[in-house]
>>> print(open('my_file36.txt').read())   # compact mmCIF, C-alpha atoms (C1' of nucleotides)
# COMPACT_ATOMS: atom_id res chain seq x y z
CA MET A 1 9.02 -33.65 40.21
CA PHE A 2 10.53 -33.14 36.74
CA ASN A 3 13.60 -35.02 35.68
CA GLY A 4 15.11 -36.41 32.52
CA GLU A 5 16.44 -34.91 29.34
CA PHE A 6 14.58 -35.14 26.03
CA ASN A 7 15.48 -34.26 22.46
CA ASN A 8 12.29 -32.97 20.90
CA ALA A 9 11.36 -30.56 18.17
CA ILE A 10 9.64 -27.24 17.61
CA ASP A 11 7.65 -26.77 14.39
CA LEU A 12 7.62 -23.91 11.91
CA LYS A 13 4.80 -22.15 13.72
CA GLY A 14 6.62 -22.27 17.04
CA ARG A 15 4.92 -25.17 18.80
CA ALA A 16 7.26 -27.09 21.07
CA SER A 17 6.61 -30.71 22.00
CA ILE A 18 6.76 -31.27 25.74
CA PRO A 19 7.60 -34.86 26.72
CA ALA A 20 4.64 -36.91 27.91
CA ALA A 21 6.53 -37.74 31.09
CA PHE A 22 6.50 -34.07 32.10
CA ARG A 23 2.85 -33.58 31.23
CA GLU A 24 1.96 -36.55 33.39
CA ALA A 25 4.09 -35.29 36.24
CA LEU A 26 2.29 -31.96 36.02
CA GLN A 27 -1.09 -33.60 35.90
CA ASN A 28 -0.35 -35.80 38.88
CA SER A 29 1.11 -33.12 41.11
CA THR A 30 -0.69 -29.86 40.41
CA GLY A 31 -3.25 -30.75 37.76
CA ASP A 32 -2.09 -27.80 35.64
CA VAL A 33 -2.78 -27.78 31.93
CA SER A 34 -0.35 -24.96 31.23
CA LEU A 35 3.10 -23.68 32.05
CA TYR A 36 4.51 -20.22 32.63
CA VAL A 37 7.47 -19.81 30.32
CA THR A 38 10.11 -17.11 30.55
CA LYS A 39 13.71 -16.29 29.64
CA SER A 40 16.49 -17.91 31.59
CA ASP A 41 20.23 -17.91 30.91
CA SER A 42 20.39 -18.51 27.17
CA GLY A 43 17.25 -20.62 27.08
CA LEU A 44 13.75 -20.76 28.50
CA ALA A 45 12.40 -21.93 31.84
CA ALA A 46 8.87 -23.22 32.36
CA TYR A 47 7.12 -23.28 35.74
CA PRO A 48 3.88 -24.75 37.05
CA THR A 49 1.31 -22.13 38.02
CA SER A 50 1.85 -22.26 41.76
CA ALA A 51 5.63 -22.01 41.49
CA TRP A 52 5.29 -19.05 39.14
CA GLN A 53 2.88 -17.33 41.50
CA GLY A 54 5.42 -17.67 44.28
CA ILE A 55 8.15 -16.15 42.12
CA CYS A 56 5.93 -13.23 41.12
CA ASP A 57 4.98 -12.57 44.72
CA ARG A 58 8.59 -12.55 45.85
CA VAL A 59 9.68 -10.24 43.03
CA ASN A 60 6.83 -7.85 43.71
CA ALA A 61 7.79 -7.80 47.36
CA LEU A 62 11.30 -6.59 46.53
CA PRO A 63 12.02 -2.98 47.48
CA PRO A 64 11.80 -0.61 44.51
CA GLY A 65 15.21 -0.36 42.87
CA PRO A 66 17.41 -1.68 40.06
CA LEU A 67 17.20 -5.30 41.15
CA ARG A 68 13.43 -5.33 41.20
CA THR A 69 13.26 -3.50 37.88
CA ALA A 70 15.73 -5.90 36.30
CA ASN A 71 13.67 -8.87 37.40
CA LEU A 72 10.46 -7.34 36.11
CA ARG A 73 12.04 -6.45 32.80
CA THR A 74 13.93 -9.64 32.05
CA LYS A 75 11.85 -12.29 33.80
CA ILE A 76 8.31 -11.28 34.66
CA ALA A 77 7.41 -9.10 31.68
CA PRO A 78 8.46 -11.54 28.94
CA ALA A 79 6.67 -14.46 30.60
CA LYS A 80 3.76 -16.11 28.86
CA GLU A 81 1.29 -18.70 30.04
CA CYS A 82 1.35 -21.52 27.50
CA SER A 83 -1.23 -24.28 27.47
CA PHE A 84 -0.94 -27.69 25.88
CA ASP A 85 -2.69 -28.55 22.67
CA ARG A 86 -4.18 -31.96 22.04
CA GLN A 87 -0.78 -33.29 20.96
CA GLY A 88 0.99 -32.06 24.05
CA ARG A 89 2.68 -29.07 22.48
CA ILE A 90 2.89 -25.48 23.70
CA GLN A 91 2.87 -22.45 21.45
CA LEU A 92 5.85 -20.26 22.31
CA PRO A 93 5.64 -16.58 21.36
CA GLN A 94 8.10 -15.20 18.86
CA SER A 95 9.97 -13.11 21.42
CA LEU A 96 10.80 -16.17 23.52
CA ARG A 97 11.69 -18.28 20.51
CA GLU A 98 14.09 -15.65 19.30
CA TYR A 99 15.65 -15.19 22.69
CA ALA A 100 16.41 -18.89 23.03
CA ALA A 101 17.15 -19.36 19.32
CA LEU A 102 14.63 -22.20 19.04
CA GLU A 103 14.21 -23.34 15.48
CA LYS A 104 14.02 -27.06 15.02
CA ASP A 105 15.89 -29.27 17.45
CA ILE A 106 15.29 -28.50 21.10
CA VAL A 107 16.17 -30.12 24.40
CA VAL A 108 13.65 -30.24 27.22
CA VAL A 109 15.25 -30.77 30.60
CA GLY A 110 13.59 -31.62 33.90
CA MET A 111 15.09 -29.54 36.72
CA GLY A 112 13.03 -30.58 39.71
CA ASP A 113 10.46 -27.83 40.15
CA LYS A 114 10.87 -26.40 36.65
CA LEU A 115 11.60 -27.33 33.06
CA GLU A 116 14.24 -25.86 30.81
CA ILE A 117 13.89 -25.55 27.06
CA TRP A 118 17.08 -25.20 25.05
CA ASN A 119 18.33 -24.86 21.56
CA LEU A 120 20.17 -28.18 21.02
CA GLN A 121 23.48 -26.54 20.19
CA ARG A 122 23.34 -24.14 23.11
CA HIS A 123 22.51 -26.95 25.46
CA LEU A 124 25.57 -28.84 24.34
CA GLU A 125 27.71 -25.79 25.01
CA ALA A 126 26.18 -25.16 28.42
CA THR A 127 26.67 -28.79 29.36
CA ALA A 128 30.29 -28.70 28.26
CA LYS A 129 30.92 -25.65 30.42
CA SER A 130 29.33 -27.31 33.42
CA GLU A 131 31.45 -30.41 32.93
CA ALA A 132 34.58 -28.32 32.78
CA LEU A 133 33.61 -26.62 36.02
CA LEU A 134 33.17 -29.95 37.76
CA ARG A 135 36.54 -31.21 36.56
CA GLU A 136 38.10 -28.25 38.31
CA ASN A 137 36.50 -29.37 41.56
CA GLU A 138 37.21 -33.07 41.71
CA GLN A 139 37.45 -33.15 45.46
CA ALA A 140 34.01 -31.64 45.93
CA GLN A 141 32.62 -34.07 43.40
CA ALA A 142 34.11 -37.02 45.22
CA GLU A 143 32.55 -35.81 48.46
CA LEU A 144 29.20 -35.73 46.78
CA GLY A 145 29.67 -39.41 46.01
CA PHE A 146 30.14 -39.14 42.24
CA MET B 147 -3.18 -7.20 33.82
CA PHE B 148 -0.63 -6.66 31.02
CA ASN B 149 2.17 -9.08 30.45
CA GLY B 150 4.16 -10.51 27.60
CA GLU B 151 6.61 -9.04 25.15
CA PHE B 152 5.76 -8.45 21.50
CA ASN B 153 7.83 -7.49 18.48
CA ASN B 154 5.60 -5.24 16.43
CA ALA B 155 6.08 -2.38 14.03
CA ILE B 156 5.39 1.30 13.66
CA ASP B 157 4.74 2.57 10.14
CA LEU B 158 5.88 5.67 8.28
CA LYS B 159 2.91 7.63 9.54
CA GLY B 160 3.68 6.85 13.16
CA ARG B 161 1.04 4.26 13.82
CA ALA B 162 2.13 1.65 16.34
CA SER B 163 0.48 -1.77 16.46
CA ILE B 164 -0.61 -2.70 19.96
CA PRO B 165 -0.87 -6.48 20.44
CA ALA B 166 -4.40 -7.85 20.46
CA ALA B 167 -3.73 -9.44 23.85
CA PHE B 168 -3.28 -6.02 25.42
CA ARG B 169 -6.31 -4.52 23.72
CA GLU B 170 -8.42 -7.37 25.02
CA ALA B 171 -7.00 -7.02 28.52
CA LEU B 172 -7.91 -3.33 28.43
CA GLN B 173 -11.38 -4.05 27.17
CA ASN B 174 -12.01 -6.67 29.81
CA SER B 175 -10.71 -4.70 32.76
CA THR B 176 -11.51 -1.05 32.21
CA GLY B 177 -13.32 -0.96 28.88
CA ASP B 178 -11.00 1.80 27.68
CA VAL B 179 -10.58 2.44 23.98
CA SER B 180 -7.52 4.62 24.39
CA LEU B 181 -4.24 4.89 26.27
CA TYR B 182 -2.34 7.79 27.78
CA VAL B 183 1.18 7.72 26.42
CA THR B 184 4.13 9.60 27.80
CA LYS B 185 7.93 9.57 28.04
CA SER B 186 9.59 7.06 30.33
CA ASP B 187 13.25 6.10 30.66
CA SER B 188 14.44 5.75 27.07
CA GLY B 189 11.06 4.72 25.72
CA LEU B 190 7.37 5.36 26.14
CA ALA B 191 4.87 4.24 28.74
CA ALA B 192 1.15 3.83 28.10
CA TYR B 193 -1.49 3.83 30.85
CA PRO B 194 -5.19 3.07 30.99
CA THR B 195 -7.32 6.11 31.76
CA SER B 196 -7.92 5.39 35.42
CA ALA B 197 -4.26 4.71 36.17
CA TRP B 198 -3.29 7.92 34.40
CA GLN B 199 -5.85 9.87 36.38
CA GLY B 200 -4.34 8.56 39.57
CA ILE B 201 -0.87 9.62 38.49
CA CYS B 202 -2.04 13.11 37.55
CA ASP B 203 -3.84 13.51 40.84
CA ARG B 204 -0.81 12.51 42.84
CA VAL B 205 1.49 14.80 40.88
CA ASN B 206 -0.90 17.71 41.27
CA ALA B 207 -1.10 17.05 44.98
CA LEU B 208 2.66 17.51 45.35
CA PRO B 209 3.67 20.67 47.14
CA PRO B 210 4.71 23.42 44.71
CA GLY B 211 8.43 23.15 44.04
CA PRO B 212 11.06 21.74 41.68
CA LEU B 213 9.90 18.14 42.03
CA ARG B 214 6.35 18.92 41.08
CA THR B 215 7.49 21.13 38.22
CA ALA B 216 9.85 18.46 36.93
CA ASN B 217 7.07 15.88 36.89
CA LEU B 218 4.71 18.23 35.12
CA ARG B 219 7.34 19.18 32.58
CA THR B 220 8.73 15.75 31.71
CA LYS B 221 5.78 13.42 32.29
CA ILE B 222 2.43 15.12 32.36
CA ALA B 223 2.91 17.79 29.73
CA PRO B 224 4.24 15.54 26.92
CA ALA B 225 1.49 12.97 27.45
CA LYS B 226 -1.05 12.32 24.73
CA GLU B 227 -4.26 10.35 24.77
CA CYS B 228 -4.10 7.90 21.87
CA SER B 229 -7.08 5.90 20.70
CA PHE B 230 -7.07 2.74 18.67
CA ASP B 231 -7.93 2.66 15.01
CA ARG B 232 -9.90 -0.18 13.54
CA GLN B 233 -6.72 -2.24 13.13
CA GLY B 234 -5.70 -1.86 16.74
CA ARG B 235 -3.00 0.76 16.24
CA ILE B 236 -2.38 4.04 18.03
CA GLN B 237 -1.13 7.18 16.35
CA LEU B 238 1.88 8.48 18.25
CA PRO B 239 2.75 12.16 17.89
CA GLN B 240 6.08 13.02 16.35
CA SER B 241 7.49 14.38 19.59
CA LEU B 242 7.03 11.07 21.39
CA ARG B 243 8.29 9.05 18.43
CA GLU B 244 11.43 11.12 18.31
CA TYR B 245 11.97 10.87 22.03
CA ALA B 246 11.82 7.08 21.94
CA ALA B 247 13.51 6.79 18.53
CA LEU B 248 10.64 4.74 17.13
CA GLU B 249 11.04 4.09 13.43
CA LYS B 250 10.20 0.62 12.29
CA ASP B 251 10.76 -2.25 14.72
CA ILE B 252 9.31 -1.71 18.16
CA VAL B 253 8.80 -3.83 21.25
CA VAL B 254 5.62 -3.58 23.26
CA VAL B 255 6.02 -4.87 26.80
CA GLY B 256 3.33 -5.60 29.36
CA MET B 257 4.35 -4.32 32.78
CA GLY B 258 1.35 -5.10 34.92
CA ASP B 259 -0.61 -1.86 35.12
CA LYS B 260 1.10 -0.20 32.16
CA LEU B 261 2.64 -0.88 28.76
CA GLU B 262 6.07 0.10 27.58
CA ILE B 263 6.91 0.90 23.98
CA TRP B 264 10.54 0.62 22.96
CA ASN B 265 12.80 1.00 20.02
CA LEU B 266 13.92 -2.61 19.39
CA GLN B 267 17.60 -1.80 19.69
CA ARG B 268 17.19 0.22 22.86
CA HIS B 269 15.13 -2.53 24.42
CA LEU B 270 17.85 -5.06 23.70
CA GLU B 271 20.37 -2.79 25.38
CA ALA B 272 18.16 -2.19 28.41
CA THR B 273 17.48 -5.91 28.90
CA ALA B 274 21.16 -6.75 28.41
CA LYS B 275 22.04 -4.37 31.22
CA SER B 276 19.39 -5.85 33.47
CA GLU B 277 20.61 -9.37 32.74
CA ALA B 278 24.15 -8.38 33.62
CA LEU B 279 22.92 -6.98 36.91
CA LEU B 280 21.08 -10.19 37.73
CA ARG B 281 24.13 -12.30 36.94
CA GLU B 282 26.04 -10.35 39.55
CA ASN B 283 23.47 -11.39 42.13
CA GLU B 284 23.01 -15.09 41.52
CA GLN B 285 22.33 -15.85 45.13
CA ALA B 286 19.49 -13.34 45.28
CA GLN B 287 18.04 -14.78 42.07
CA ALA B 288 18.10 -18.29 43.45
CA GLU B 289 16.26 -17.14 46.55
CA LEU B 290 13.52 -15.72 44.41
CA GLY B 291 13.00 -19.18 42.92
CA PHE B 292 14.39 -18.67 39.42
C1' DC C 293 7.15 -58.91 14.33
C1' DA C 294 3.03 -56.53 15.73
C1' DC C 295 1.15 -53.24 18.80
C1' DC C 296 0.82 -49.07 21.30
C1' DA C 297 1.93 -44.45 22.82
C1' DT C 298 4.29 -40.50 21.51
C1' DT C 299 6.08 -37.27 18.49
C1' DT C 300 6.23 -34.80 14.20
C1' DG C 301 4.78 -32.93 9.78
C1' DA C 302 1.02 -31.20 6.99
C1' DC C 303 -3.12 -28.88 5.93
C1' DA C 304 -6.92 -25.69 6.18
C1' DC C 305 -8.90 -22.02 8.64
C1' DT C 306 -8.96 -18.01 11.48
C1' DA C 307 -7.06 -14.03 13.56
C1' DA C 308 -3.56 -10.53 13.75
C1' DC C 309 -0.47 -7.38 11.73
C1' DT C 310 1.16 -4.22 8.11
C1' DG C 311 1.05 -1.09 4.22
C1' DG C 312 -1.18 2.13 1.13
C1' DG C 313 -4.75 5.49 -0.69
C1' DA C 314 -7.94 8.99 0.03
C1' DA C 315 -10.58 12.09 2.96
C1' DA C 316 -10.50 15.12 6.95
C1' DA C 317 -8.29 18.11 10.13
C1' DG C 318 -4.81 21.19 11.47
C1' DA C 319 -0.87 24.29 10.68
C1' DT C 320 1.65 27.84 8.03
C1' DA C 321 2.44 31.46 4.83
C1' DC C 322 0.74 34.87 2.14
C1' DG D 323 -9.38 34.84 5.10
C1' DT D 324 -7.68 31.81 1.84
C1' DA D 325 -4.49 28.69 -0.36
C1' DT D 326 -1.18 25.27 0.45
C1' DC D 327 1.13 21.90 2.80
C1' DT D 328 1.57 18.58 6.45
C1' DT D 329 -0.34 15.50 9.73
C1' DT D 330 -3.92 12.58 11.27
C1' DT D 331 -7.84 9.58 10.54
C1' DC D 332 -10.53 6.25 8.21
C1' DC D 333 -11.04 2.33 5.34
C1' DC D 334 -9.59 -1.44 2.39
C1' DA D 335 -6.68 -5.27 1.08
C1' DG D 336 -2.43 -8.21 1.23
C1' DT D 337 0.54 -10.81 4.04
C1' DT D 338 1.99 -13.18 7.93
C1' DA D 339 1.38 -15.69 12.13
C1' DG D 340 -1.31 -18.70 15.17
C1' DT D 341 -4.76 -22.54 16.06
C1' DG D 342 -7.09 -26.89 15.60
C1' DT D 343 -7.14 -31.21 13.58
C1' DC D 344 -5.64 -35.25 11.13
C1' DA D 345 -2.48 -38.61 9.78
C1' DA D 346 2.19 -40.39 9.01
C1' DA D 347 6.48 -41.55 11.27
C1' DT D 348 9.12 -42.92 15.19
C1' DG D 349 10.47 -45.65 18.95
C1' DG D 350 9.76 -48.59 22.67
C1' DT D 351 7.42 -53.14 24.52
C1' DG D 352 5.37 -57.46 24.75
>>> encode(input="my_file36.txt", output="C-alpha cells")
Amino acid sequence: MFNGEFNNAIDLKGRASIPAAFREALQNSTGDVSLYVTKSDSGLAAYPTSAWQGICDRVNALPPGPLRTANLRTKIAPAKECSFDRQGRIQLPQSLREYAALEKDIVVVGMGDKLEIWNLQRHLEATAKSEALLRENEQAQAELGF
Amino acid sequence: MFNGEFNNAIDLKGRASIPAAFREALQNSTGDVSLYVTKSDSGLAAYPTSAWQGICDRVNALPPGPLRTANLRTKIAPAKECSFDRQGRIQLPQSLREYAALEKDIVVVGMGDKLEIWNLQRHLEATAKSEALLRENEQAQAELGF
DNA sequence: CACCATTTGACACTAACTGGGAAAAGATAC
DNA sequence: GTATCTTTTCCCAGTTAGTGTCAAATGGTG
C-alpha cells in the first residue's frame, strides 16, 4: 500500500507535510482522511484507521500484566488521530514531535501498511545500522535475491 | 474516551492544567465538571464520577480483610474530588502533589476510562522502562501489528 | 521553456495555557 | 471566640500554541 521515501518538512507550528502519493494511496484503499500517529522506535508511525483499530483490539485483548501496560503506556496512550489540512499536512502534537525530535527536515517512509516519520538525522543513523546488519548476513541477502 | 499525552504545567498554588481535549471528552460523555483524583503507581489517576463510583462499590463489596483495608487506605481514603476552574485547571491538595512529586512540568495522559497525571521526569522513566520491556519482546510486538 | 502539481513559508485569527492579585474559606494559636 | 496565617477559589490579563488560508517556491513533465 505505502512505499517510497520522501524528504519533507515540518513547520514551526508542528505541521508535517505528508507526500501526495501516500494521501492518494489512503484515499484509494480506505478512503481515510486521517492517520493515527504514535511513537515507534526513535520516530513516529502512522496507521490508517482500520489498521489502528486492529492494533488497539489486540492490545486490549492481552492479559493484564506488564506487557499490556507497557503497550498501553508507550503506544496506545500517546497516539493521536491527525487529519489532513487543505495542503496535505497533519498537525502533530508537541509530545510526539519531541519524542521523535522533529524540527525541520523530516523523512516520511512508506512501510506497506503504515508510514514512518523520522527526524532526517535519526533516519540516516537507523538506515546505517540496518545496512551494517545486512552486511553481516551476506548469505541470507543473496538467498533473498539481492 | 481519553487518549493522547500532553505536557502541561502545575503552578505554585497547585493548580494543574487539564488539556481541553479531555475536558471536552468528559463533557460529551458524562457531563461531569469534576474528577476524582487519587494515588496510583508513582503518579496520580483521575476518574470521572461514574467510574469512581464503580470502583468504590467494588472495593466496599470486598470481604473484610487486609486487601479491602489496603485498598481503602491507599486508594479510596486519599482521593479528592477536584472541580475545574474557569481556565480548565484542577486544584490538587498538597498531599497528592507531594505523593506524585508534582512541581512544575507535568504530563497528563489519557488512558481510556481514566487520566494519569505524572511528574515529567517520572513519566520519562516509566515510559523508558516500558520501552525496554517491549524491545525484549519484539516478536510479540510484531504480532500485535506494530 | 512553460505548465502543472506539490510543497513550503507567511500571515492573521482563534483557542488554550499560564501566572498573578484579591477575596473567601479553613486551620491554628492564643 | 477571635486574630492570624495558610490554603483555596475566583477573576483578569499576558503569552503561547494551534488552525485556516493564501501565495511564493520547488520540482517534475510535456
>>> atom_distance(input="my_file36.txt", atom1="CA of Lys260 in chain B", atom2="CA of Ser229 in chain B")
15.3 Å
>>> closest_residue(input="my_file36.txt", among="C:DA297, C:DA314, C:DA302, C:DA307", to="chain B", atoms="all atoms listed in the file")
C:DA307
>>> calpha_fit_rmsd(input="my_file36.txt", fixed="chain B", moving="chain A")
0.4 Å
>>> interface_residues(input="my_file36.txt", of="chain C", to="chain A", cutoff="8 Å", atoms="all atoms listed in the file", output="VMD selection string")
chain C and resid 298 to 300
>>> interface_residues(input="my_file36.txt", of="chain A", to="chain D", cutoff="9 Å", atoms="only C-alpha atoms (C1' of nucleotides)", output="count of residues only")
5
>>> atom_distance(input="my_file36.txt", atom1="CA of Pro48 in chain A", atom2="CA of Tyr99 in chain A")
20.9 Å
>>> closest_residue(input="my_file36.txt", among="B:Met257, B:Ala216, B:Ala288, B:Val205", to="chain A", atoms="all atoms listed in the file")
B:Met257
>>> closest_residue(input="my_file36.txt", among="A:Gln141, A:Asn119, A:Ser95, A:Asn28", to="chain B", atoms="only C-alpha atoms")
A:Ser95
>>> interface_residues(input="my_file36.txt", of="chain B", to="chain A", cutoff="10 Å", atoms="all atoms listed in the file", output="count of residues only")
30
>>> atom_distance(input="my_file36.txt", atom1="CA of Val254 in chain B", atom2="CA of Arg97 in chain A")
16.1 Å
>>> axis_aligned_box(input="my_file36.txt", around="range 272-278 of chain B", padding_each_side="8 Å", output="lines of an AutoDock Vina configuration file")
center_x = 20.8
center_y = -5.8
center_z = 31.0
size_x = 22.7
size_y = 23.2
size_z = 21.2
>>> build_atoms(input="my_file36.txt", residues="range 52-68 of chain A", atoms="N, CA, C and O atoms", output="mmCIF file, keeping the file's coordinate frame")
data_model
loop_
_atom_site.group_PDB
_atom_site.id
_atom_site.type_symbol
_atom_site.label_atom_id
_atom_site.label_comp_id
_atom_site.auth_asym_id
_atom_site.auth_seq_id
_atom_site.Cartn_x
_atom_site.Cartn_y
_atom_site.Cartn_z
ATOM 1 N N TRP A 52 5.165 -20.358 39.781
ATOM 2 C CA TRP A 52 5.290 -19.050 39.140
ATOM 3 C C TRP A 52 4.668 -17.960 40.015
ATOM 4 O O TRP A 52 5.230 -16.882 40.177
ATOM 5 N N GLN A 53 3.521 -18.273 40.582
ATOM 6 C CA GLN A 53 2.880 -17.330 41.500
ATOM 7 C C GLN A 53 3.839 -16.932 42.611
ATOM 8 O O GLN A 53 3.991 -15.748 42.921
ATOM 9 N N GLY A 54 4.475 -17.941 43.191
ATOM 10 C CA GLY A 54 5.420 -17.670 44.280
ATOM 11 C C GLY A 54 6.523 -16.740 43.831
ATOM 12 O O GLY A 54 6.863 -15.775 44.530
ATOM 13 N N ILE A 55 7.080 -17.001 42.653
ATOM 14 C CA ILE A 55 8.150 -16.150 42.120
ATOM 15 C C ILE A 55 7.655 -14.718 41.959
ATOM 16 O O ILE A 55 8.301 -13.766 42.403
ATOM 17 N N CYS A 56 6.484 -14.572 41.337
ATOM 18 C CA CYS A 56 5.930 -13.230 41.120
ATOM 19 C C CYS A 56 5.755 -12.507 42.444
ATOM 20 O O CYS A 56 6.113 -11.330 42.570
ATOM 21 N N ASP A 57 5.207 -13.196 43.419
ATOM 22 C CA ASP A 57 4.980 -12.570 44.720
ATOM 23 C C ASP A 57 6.290 -12.094 45.326
ATOM 24 O O ASP A 57 6.377 -10.980 45.844
ATOM 25 N N ARG A 58 7.313 -12.938 45.239
ATOM 26 C CA ARG A 58 8.590 -12.550 45.850
ATOM 27 C C ARG A 58 9.224 -11.381 45.107
ATOM 28 O O ARG A 58 9.799 -10.488 45.724
ATOM 29 N N VAL A 59 9.110 -11.367 43.786
ATOM 30 C CA VAL A 59 9.680 -10.240 43.030
ATOM 31 C C VAL A 59 8.926 -8.957 43.347
ATOM 32 O O VAL A 59 9.533 -7.907 43.570
ATOM 33 N N ASN A 60 7.610 -9.053 43.404
ATOM 34 C CA ASN A 60 6.830 -7.850 43.710
ATOM 35 C C ASN A 60 7.113 -7.321 45.100
ATOM 36 O O ASN A 60 6.952 -6.122 45.360
ATOM 37 N N ALA A 61 7.528 -8.220 45.987
ATOM 38 C CA ALA A 61 7.790 -7.800 47.360
ATOM 39 C C ALA A 61 9.169 -7.152 47.498
ATOM 40 O O ALA A 61 9.495 -6.595 48.547
ATOM 41 N N LEU A 62 9.984 -7.223 46.461
ATOM 42 C CA LEU A 62 11.300 -6.590 46.530
ATOM 43 C C LEU A 62 11.139 -5.077 46.689
ATOM 44 O O LEU A 62 10.176 -4.505 46.184
ATOM 45 N N PRO A 63 12.080 -4.434 47.380
ATOM 46 C CA PRO A 63 12.020 -2.980 47.480
ATOM 47 C C PRO A 63 12.267 -2.360 46.108
ATOM 48 O O PRO A 63 13.072 -2.895 45.333
ATOM 49 N N PRO A 64 11.584 -1.261 45.799
ATOM 50 C CA PRO A 64 11.800 -0.610 44.510
ATOM 51 C C PRO A 64 13.285 -0.316 44.321
ATOM 52 O O PRO A 64 13.939 0.093 45.275
ATOM 53 N N GLY A 65 13.786 -0.579 43.130
ATOM 54 C CA GLY A 65 15.210 -0.360 42.870
ATOM 55 C C GLY A 65 15.634 -1.138 41.649
ATOM 56 O O GLY A 65 14.822 -1.827 41.035
ATOM 57 N N PRO A 66 16.908 -1.060 41.300
ATOM 58 C CA PRO A 66 17.410 -1.680 40.060
ATOM 59 C C PRO A 66 17.181 -3.185 40.010
ATOM 60 O O PRO A 66 16.857 -3.733 38.950
ATOM 61 N N LEU A 67 17.328 -3.854 41.160
ATOM 62 C CA LEU A 67 17.200 -5.300 41.150
ATOM 63 C C LEU A 67 15.770 -5.724 40.846
ATOM 64 O O LEU A 67 15.530 -6.634 40.049
ATOM 65 N N ARG A 68 14.835 -5.028 41.457
ATOM 66 C CA ARG A 68 13.430 -5.330 41.200
ATOM 67 C C ARG A 68 13.091 -5.037 39.734
ATOM 68 O O ARG A 68 12.467 -5.854 39.052
#
